[in-house]
Amino acid sequence: MNKLSHIILSILMPLDPRHTAAVVLKVSDYGESDKIVTFYTQSFGKLACIAKGAKRSKKRFVNKLELFSLLQIIFDNKGSSLARIDEAELIRIYPLLREDYTRYAAATLICEILLNWTKEYDEDERLFTLLLWTLNALNSSTETIRTLILFHIKLFDILGYRPDLSVCSICGMPPAGREKIRFSISGSCIICSKCSKHKGSAEIPVSLSTLKLMQKTQDLPLTKLSRLCFSQTSSKEATNIVRQYSSYLLQRDIQSWNFL
């Protein structure tokens, strides 16, 4: 067979089905029997698929296409704007996320963030690893709000929006003692008390202890984040920062915050 024949044959032959680990981010009904499922996958990033007959299936998809579930899926993305799920094998569910309202709301927030921050077929295995770490943490005895803080700080790193929390952006000096410090949302930096006269409207007061915890979060690997302890004050300050900073970067509010 000559080279031209090989090219023609490769065009005419259907693409091999693809498989990947995937977390369910969103599920919606489509028609009388189908479902549209949006995943964040290990190998392909965000992926929207149609599950044919999923609403009527007694075997193939039953109890699998549920929010937050970790699956191994086989899909075909040939000939349609939506990929088609051919098979789905359940790897893990996170029962506490369905039984506890606060944990459910937090997991929903994580899914909404990924839906808004990512593009289809733009894979990032670091983001997939962070997603699994966060779901595991939310499904354990770990404090929910602390987990959300840690997730956001690591997310900013992965996305390339890591704020500089080490020195004042104006004088270049590290904060010390009990001085008042402000986090600049638009500048992605901090401003010390001596330079606070330059402060703008989009700045958030934050204590030095909270800043140090946030810096440690930036530097530690996921496996060591459990050693960090946030006081009630630090939790409030850090939550306020990551929420407002995320909304500023996205240029939109994340609605799931309202349920926490």
# chains A, B, ... in the order shown; residues from 1 in each chain; ligands from 1
>>> residues_around(residues="Phe44 (chain A)", least_positions_apart="6", cutoff="7 Å", atoms="only C-alpha atoms", output="ChimeraX atom specification")
/A:121-123
>>> write_last_selection(atoms="N, CA and C atoms", output="mmCIF file, in the first residue's frame")
data_model
loop_
_atom_site.group_PDB
_atom_site.id
_atom_site.type_symbol
_atom_site.label_atom_id
_atom_site.label_comp_id
_atom_site.auth_asym_id
_atom_site.auth_seq_id
_atom_site.Cartn_x
_atom_site.Cartn_y
_atom_site.Cartn_z
ATOM 1 N N TYR A 121 -10.400 20.465 26.517
ATOM 2 C CA TYR A 121 -9.204 19.854 25.923
ATOM 3 C C TYR A 121 -7.929 20.652 26.215
ATOM 4 N N ASP A 122 -7.900 21.287 27.385
ATOM 5 C CA ASP A 122 -6.698 22.004 27.825
ATOM 6 C C ASP A 122 -6.247 21.354 29.129
ATOM 7 N N GLU A 123 -5.569 20.210 28.999
ATOM 8 C CA GLU A 123 -5.279 19.393 30.173
ATOM 9 C C GLU A 123 -4.165 19.980 31.028
#
>>> select_by_dssp(residues="region 41-217 of chain A", states="strand (DSSP E)", output="ChimeraX atom specification")
/A:41,45-51,70-76,83-92,164-168,181-184,189-191,203-206
>>> closest_atom_pairs(of="region 90-203 of chain A", to="region 45-48 of chain A", cutoff="10 Å", atoms="only C-alpha atoms", output="Markdown table")
| residue | atom | partner | partner_atom | distance |
| --- | --- | --- | --- | --- |
| A:Leu114 | CA | A:Lys46 | CA | 8.3 |
| A:Leu115 | CA | A:Lys46 | CA | 7.7 |
| A:Trp117 | CA | A:Lys46 | CA | 9.9 |
| A:Thr118 | CA | A:Lys46 | CA | 6.6 |
| A:Lys119 | CA | A:Lys46 | CA | 6.1 |
| A:Glu120 | CA | A:Lys46 | CA | 4.5 |
| A:Tyr121 | CA | A:Gly45 | CA | 5.0 |
| A:Asp122 | CA | A:Gly45 | CA | 4.9 |
| A:Glu123 | CA | A:Gly45 | CA | 3.6 |
| A:Asp124 | CA | A:Gly45 | CA | 6.3 |
| A:Glu125 | CA | A:Gly45 | CA | 8.0 |
| A:Leu127 | CA | A:Gly45 | CA | 8.7 |
| A:Phe128 | CA | A:Gly45 | CA | 7.9 |
>>> residues_around(residues="Cys195 (chain A)", least_positions_apart="6", cutoff="10 Å", atoms="only C-alpha atoms", output="JSON, numbers by chain")
{"A": [168, 169, 170, 171, 181, 182]}
>>> write_last_selection(atoms="C-alpha atoms", output="compact mmCIF listing (two decimals), in the first residue's frame")
# COMPACT_ATOMS: atom_id res chain seq x y z
CA CYS A 168 5.75 45.35 50.29
CA SER A 169 5.25 46.14 46.63
CA ILE A 170 6.11 49.82 47.21
CA CYS A 171 9.15 49.89 49.52
CA ILE A 181 -0.72 45.08 56.17
CA ARG A 182 -3.03 45.26 53.19
>>> residues_around(residues="Lys26 (chain A)", least_positions_apart="4", cutoff="12 Å", atoms="only C-alpha atoms", output="list in words")
Ala22, Lys35, Ile36, Val37, Thr38, Phe39, Tyr40, Lys46, Leu47, Ala48, Cys49, Ile50, Leu65, Glu66, Leu67, Phe68, Ser69, Ala107, Thr108, Leu109, Ile110, Cys111, Glu112, Ile113, Leu114, Leu115 and Asn116 of chain A
>>> residues_around(residues="Arg60 (chain A)", least_positions_apart="6", cutoff="8 Å", atoms="only C-alpha atoms", output="PyMOL selection string")
chain A and resi 54+87-88
>>> write_last_selection(atoms="N, CA and C atoms", output="PDB file, in the first residue's frame")
ATOM      1  N   ALA A  54     -28.744   7.559  29.277  1.00  0.00           N
ATOM      2  CA  ALA A  54     -28.335   7.500  30.686  1.00  0.00           C
ATOM      3  C   ALA A  54     -29.517   7.570  31.648  1.00  0.00           C
ATOM      4  N   GLU A  87     -18.382   4.092  27.898  1.00  0.00           N
ATOM      5  CA  GLU A  87     -18.341   3.313  29.133  1.00  0.00           C
ATOM      6  C   GLU A  87     -17.903   4.206  30.284  1.00  0.00           C
ATOM      7  N   ALA A  88     -18.339   3.852  31.486  1.00  0.00           N
ATOM      8  CA  ALA A  88     -17.929   4.571  32.688  1.00  0.00           C
ATOM      9  C   ALA A  88     -17.803   3.581  33.833  1.00  0.00           C
TER      10      ALA A  88
END
>>> atom_distance(atom1="CA of Leu138 (chain A)", atom2="CA of Tyr104 (chain A)")
8.7 Å
>>> atom_distance(atom1="CA of Gln232 (chain A)", atom2="CA of Gly172 (chain A)")
29.4 Å
>>> residues_around(residues="Thr142 (chain A)", least_positions_apart="5", cutoff="9 Å", atoms="only C-alpha atoms", output="NGL selection string")
:A and (137 or 147 or 226)
>>> write_last_selection(atoms="C-alpha atoms", output="PDB file, in the first residue's frame")
ATOM      1  CA  ALA A 137      -9.808  16.495  52.077  1.00  0.00           C
ATOM      2  CA  THR A 147      -9.523  23.184  52.621  1.00  0.00           C
ATOM      3  CA  SER A 226      -2.394  19.039  56.654  1.00  0.00           C
TER       4      SER A 226
END
>>> closest_residue(among="A:Arg178, A:Arg92, A:Lys154, A:Arg56", to="Ser209 (chain A)", atoms="only C-alpha atoms")
A:Arg178
>>> atom_distance(atom1="CA of Leu96 (chain A)", atom2="CA of Asn139 (chain A)")
5.3 Å
